[in-house]
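Peer 1: Just passing along the structure, written as structure tokens.
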Amino acid sequence: MGFLKTYNGMFWLLAGIIAGSIGGLIFGEQIAIIKPIGDIFLNLLFTAVVPLVFFCISSAIAHIEGSHKLGKILSVMFLVFLSTLLIAAFLTIVAVWLFPIHQQVILQHVTTVAKADSWGEQLSRLLTVSEFYELLSRKNMLPLIIFSGLTGFAALRAGTRGLAFRQFLHAGNEVMKEVLIVIMKAGPVGLGAYFAYQVGTVGPQLFGTYAHSLGIYYGFGLFYFIFGFSLYACIAGGIPGIKIFWKNNIIPTLTAVGTGSSIATIPANLEAVAHMGVPADIGHVVVPLGATLHKDGSSISSIIKMAVVFAMFGKGFDSPSVILMALGATVIVSIVEGGIPNGGYIGELLVMSIYGFPVEALPPLMIIGTLVDPLATILNATGDNVAAMLTTRFLRRQAPAVS
């Protein structure tokens with residue numbers, strides 16, 4: 001019963017998608033009459049995303065508490081987080097190249113955006129806007145994220161003078177999280193309607209694309225979980241490190257599956273890393289922060305989602321600029337979605353913003369994110385344990401004292 005309660009939302013989404021698929025197959029293009037229902041749901045998400053991201057990021061930074069003593073631990077920890085995220089993302093790109101996702105039916109050709117006069121101008125347009133009101137558009141997610149970070153940092157620097165503003169940011173974050181939870185209650189109906197429209201107008205060929213992408217995710221995800229984490233544990237503690245990691249990682253893995261939450265797995269992870277030889281002063285920093293900032297599973301799913309949408313819209317996922325942008329977006333998505341319920345959807349909106357995809361790209365992204373959630377949670381949650389081992393190794397210049 002606990003498992004069913006944990007994944008209740010996912011099961012309802014799947015039920016809506018299945019019902020929509022059946023309706024699309026039965027009624028064909030006539031099902032397009034219910035498309036406005038899906039549009040309303042997506043529009044609600046779009047209007048909530050800007051304030052949600054602003055309050056989430058600025059509040060998190062504004063409430064950072066630390067000291068010079070933590071500086072070294074945090075520096076090494078963030079390098080470990082960044083390295084494993086990029087490794088997971090790059091290897092996923094290789095997997096997509098080896099097992100390419102083909103889509104014979106193109107949903108819609110993306111309108112080509114006029115290129116800037118220079119590379120520098122393109123970069124400035126990607127990272128900044130010239131007017132404040134432009135931050136309020138979901139099409140400018142990266143500038144919004146940067147501005148939110150600056151606001152949070154400024155509130156932190158203000159100290160007692162900014163106390164009231166920090167409380168405002170915290171309250172705003174809590175309220176906007178509840179707004180997203182309320183909107184997602186309509187997810188099964190909204191996504192079901194949109195999926196019915198896509199199946200009815202495009203055809204059942206979509207199922208092959210989804211099945212192929214899920215096969216890549218679960219195949220590569222399990223490979224990364226077993227061999228990738230074993231390699232990290234070996235770097236941290238040699239062959240004994242591998243044994244001690246897997247011996248103590250069983251309970252956190254089962255906890256992640258049962259709860260469906262990296263946050264809920266923190267207690268099990270803290271106990272596990274203590275047995276893995278991670279000192280308390282490192283473990284009590286890496287594990288809680290890792291629950292929101294370090295998400296290898298999300299990194300892998302972000303690349304898969306990008307590859308699927310690129311295929312569906314007839315674009316190549318192989319140019320150097322696209323790959324570099326994908327790696328950068330993956331890191332940002334993994335950080336941003338951590339403190340937000342259903343945060344993967346925020347990451348999906350960021351992907352749409354960066355690459356300029358239309359509204360039709362969001363349902364496929366959300367569907368894939370829903371279907372890969374169980375394994376993604378395992379990778380996200382238990383990856384913090386091996387990250388704690390690596391942080392210990394690089395800080396102490398020796399393997400963790402395993403027990």
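Chain labels run A, B, ... following the order of the structure tokens; each chain numbers its residues from 1, and ligands are numbered from 1 in the order shown.
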Applying 9 Å and only C-alpha atoms, which residues near segment 95-101 of chain A remain after dropping the ones on its own chain fewer than 6 positions away? List them as a PyMOL selection string.
Peer 2: chain A and resi 209+212-213+216+220+303-304+307-308+311+317-318
Peer 1: Under the rule that only C-alpha atoms are counted, which of A:Phe165, A:Trp12, A:Phe46, A:Phe227 is the nearest residue to Met352 of chain A?
Peer 2: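 Looking only at the distances to Met352 of chain A, the closest residue turns out to be A:Phe46.
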Peer 1: For Ile181 of chain A, which residue among A:Ala236, A:Arg393, A:Leu44, A:Gly28 is the nearest when counting only C-alpha atoms?
Peer 2: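 Selected residue with least distance to Ile181 of chain A: A:Leu44.
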Peer 1: At a cut-off of 10 Å, using only C-alpha atoms, what residues contact Phe90 of chain A? Leave out same-chain residues fewer than 3 positions from it and give the result as a list in words.
Peer 2: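 Contacts, in chain order: Thr84, Leu85, Leu86, Ile87, Ile93, Val94, Ala95, Val96, Ser299, Ile300, Ile303, Ile323, Leu324, Ala326 and Leu327 of chain A.
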Peer 1: Include N, CA and C atoms and write out the residues we just selected as a CSV table (one decimal), in the first residue's frame.
Peer 2:
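Writing done, so here's selection13.csv:
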chain,number,residue,atom,x,y,z
A,84,THR,N,30.3,14.0,-12.0
A,84,THR,CA,29.5,12.8,-12.3
A,84,THR,C,28.3,13.1,-13.1
A,85,LEU,N,27.7,14.3,-13.0
A,85,LEU,CA,26.6,14.7,-13.8
A,85,LEU,C,27.0,14.8,-15.3
A,86,LEU,N,28.2,15.4,-15.6
A,86,LEU,CA,28.7,15.5,-16.9
A,86,LEU,C,29.0,14.1,-17.5
A,87,ILE,N,29.6,13.3,-16.7
A,87,ILE,CA,30.0,11.9,-17.2
A,87,ILE,C,28.7,11.2,-17.5
A,93,ILE,N,24.7,10.5,-24.1
A,93,ILE,CA,24.8,10.9,-25.5
A,93,ILE,C,25.4,9.9,-26.4
A,94,VAL,N,26.5,9.2,-25.9
A,94,VAL,CA,27.1,8.1,-26.7
A,94,VAL,C,26.1,7.0,-26.9
A,95,ALA,N,25.3,6.7,-25.9
A,95,ALA,CA,24.3,5.6,-26.0
A,95,ALA,C,23.3,5.9,-27.0
A,96,VAL,N,22.9,7.2,-27.1
A,96,VAL,CA,21.9,7.7,-28.1
A,96,VAL,C,22.5,7.6,-29.5
A,299,SER,N,20.1,13.7,-14.9
A,299,SER,CA,21.0,14.0,-16.0
A,299,SER,C,20.9,13.1,-17.2
A,300,ILE,N,20.7,11.8,-16.9
A,300,ILE,CA,20.5,10.8,-18.0
A,300,ILE,C,19.2,11.0,-18.7
A,303,ILE,N,19.0,14.1,-21.2
A,303,ILE,CA,19.6,13.8,-22.5
A,303,ILE,C,18.6,13.0,-23.3
A,323,ILE,N,25.4,19.6,-28.6
A,323,ILE,CA,25.9,18.7,-27.6
A,323,ILE,C,26.4,19.5,-26.4
A,324,LEU,N,27.2,20.6,-26.6
A,324,LEU,CA,27.6,21.4,-25.6
A,324,LEU,C,26.5,22.1,-24.8
A,326,ALA,N,23.5,20.9,-24.6
A,326,ALA,CA,22.8,19.8,-23.9
A,326,ALA,C,23.5,19.5,-22.6
A,327,LEU,N,24.8,19.5,-22.6
A,327,LEU,CA,25.5,19.2,-21.3
A,327,LEU,C,25.3,20.3,-20.3
Peer 1: Find the residues around Ile26 of chain A up to 10 Å (only C-alpha atoms counted), leave out those fewer than 6 positions away in its own chain, and share them as a ChimeraX atom specification.
Peer 2: /A:20,196,199-200
Peer 1: Residues of the last selection are to be written out with C-alpha atoms, as a tab-separated table (two decimals), in the first residue's frame.
Peer 2:
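Saved result, again_15.tsv, follows:
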chain	number	residue	atom	x	y	z
A	20	GLY	CA	-5.99	9.31	-24.19
A	196	ALA	CA	-5.11	11.67	-27.44
A	199	VAL	CA	-2.06	9.86	-31.32
A	200	GLY	CA	-5.21	10.78	-33.19
Peer 1: DSSP on the backbone, then: every residue of segment 48-245 of chain A marked alpha helix (DSSP H), written as a PyMOL selection string.
Peer 2: chain A and resi 48-62+68-98+119-127+141-157+163-184+187-202+205-223+229-245
Peer 1: Near Thr253 of chain A, counting only C-alpha atoms, which residues have an atom at most 8 Å away, once you skip same-chain residues fewer than 6 positions from it, shown as number ranges by chain?
Peer 2: A: 378, 381-382
Peer 1: Do you have the atom CA of Phe55 of chain A-atom CA of Leu135 of chain A distance handy?
Peer 2: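 Rounded to one decimal, the two atoms are 13.3 Å apart.
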Peer 1: Using only C-alpha atoms for the distances, tell me which of A:Met184, A:Ala32, A:Ala89, A:Ala193 is nearest to Met325 of chain A.
Peer 2: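 Checking each candidate against Met325 of chain A, we get A:Ala89 as the closest.
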Peer 1: Which residues are close to Leu222 of chain A, i.e. within 9 Å by only C-alpha atoms, leaving aside same-chain residues fewer than 4 positions away? Reply as a PDB file with N, CA and C atoms, in the first residue's frame.
Peer 2:
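Final output, result-v5.pdb:
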ATOM      1  N   TYR A 217      16.918   4.333 -21.845  1.00  0.00           N
ATOM      2  CA  TYR A 217      17.079   4.856 -20.486  1.00  0.00           C
ATOM      3  C   TYR A 217      17.294   3.731 -19.476  1.00  0.00           C
ATOM      4  N   TYR A 218      16.403   2.747 -19.489  1.00  0.00           N
ATOM      5  CA  TYR A 218      16.515   1.687 -18.484  1.00  0.00           C
ATOM      6  C   TYR A 218      17.736   0.808 -18.732  1.00  0.00           C
ATOM      7  N   ILE A 226      25.167   0.074 -12.008  1.00  0.00           N
ATOM      8  CA  ILE A 226      26.021  -1.037 -11.567  1.00  0.00           C
ATOM      9  C   ILE A 226      27.495  -0.745 -11.812  1.00  0.00           C
ATOM     10  N   PHE A 227      27.836  -0.416 -13.046  1.00  0.00           N
ATOM     11  CA  PHE A 227      29.247  -0.270 -13.399  1.00  0.00           C
ATOM     12  C   PHE A 227      29.777   1.134 -13.116  1.00  0.00           C
ATOM     13  N   LEU A 375      13.601   4.482 -11.744  1.00  0.00           N
ATOM     14  CA  LEU A 375      15.044   4.297 -11.835  1.00  0.00           C
ATOM     15  C   LEU A 375      15.774   5.612 -11.638  1.00  0.00           C
ATOM     16  N   LEU A 379      18.925   6.351  -8.989  1.00  0.00           N
ATOM     17  CA  LEU A 379      20.214   6.932  -9.378  1.00  0.00           C
ATOM     18  C   LEU A 379      20.452   8.267  -8.666  1.00  0.00           C
TER      19      LEU A 379
END
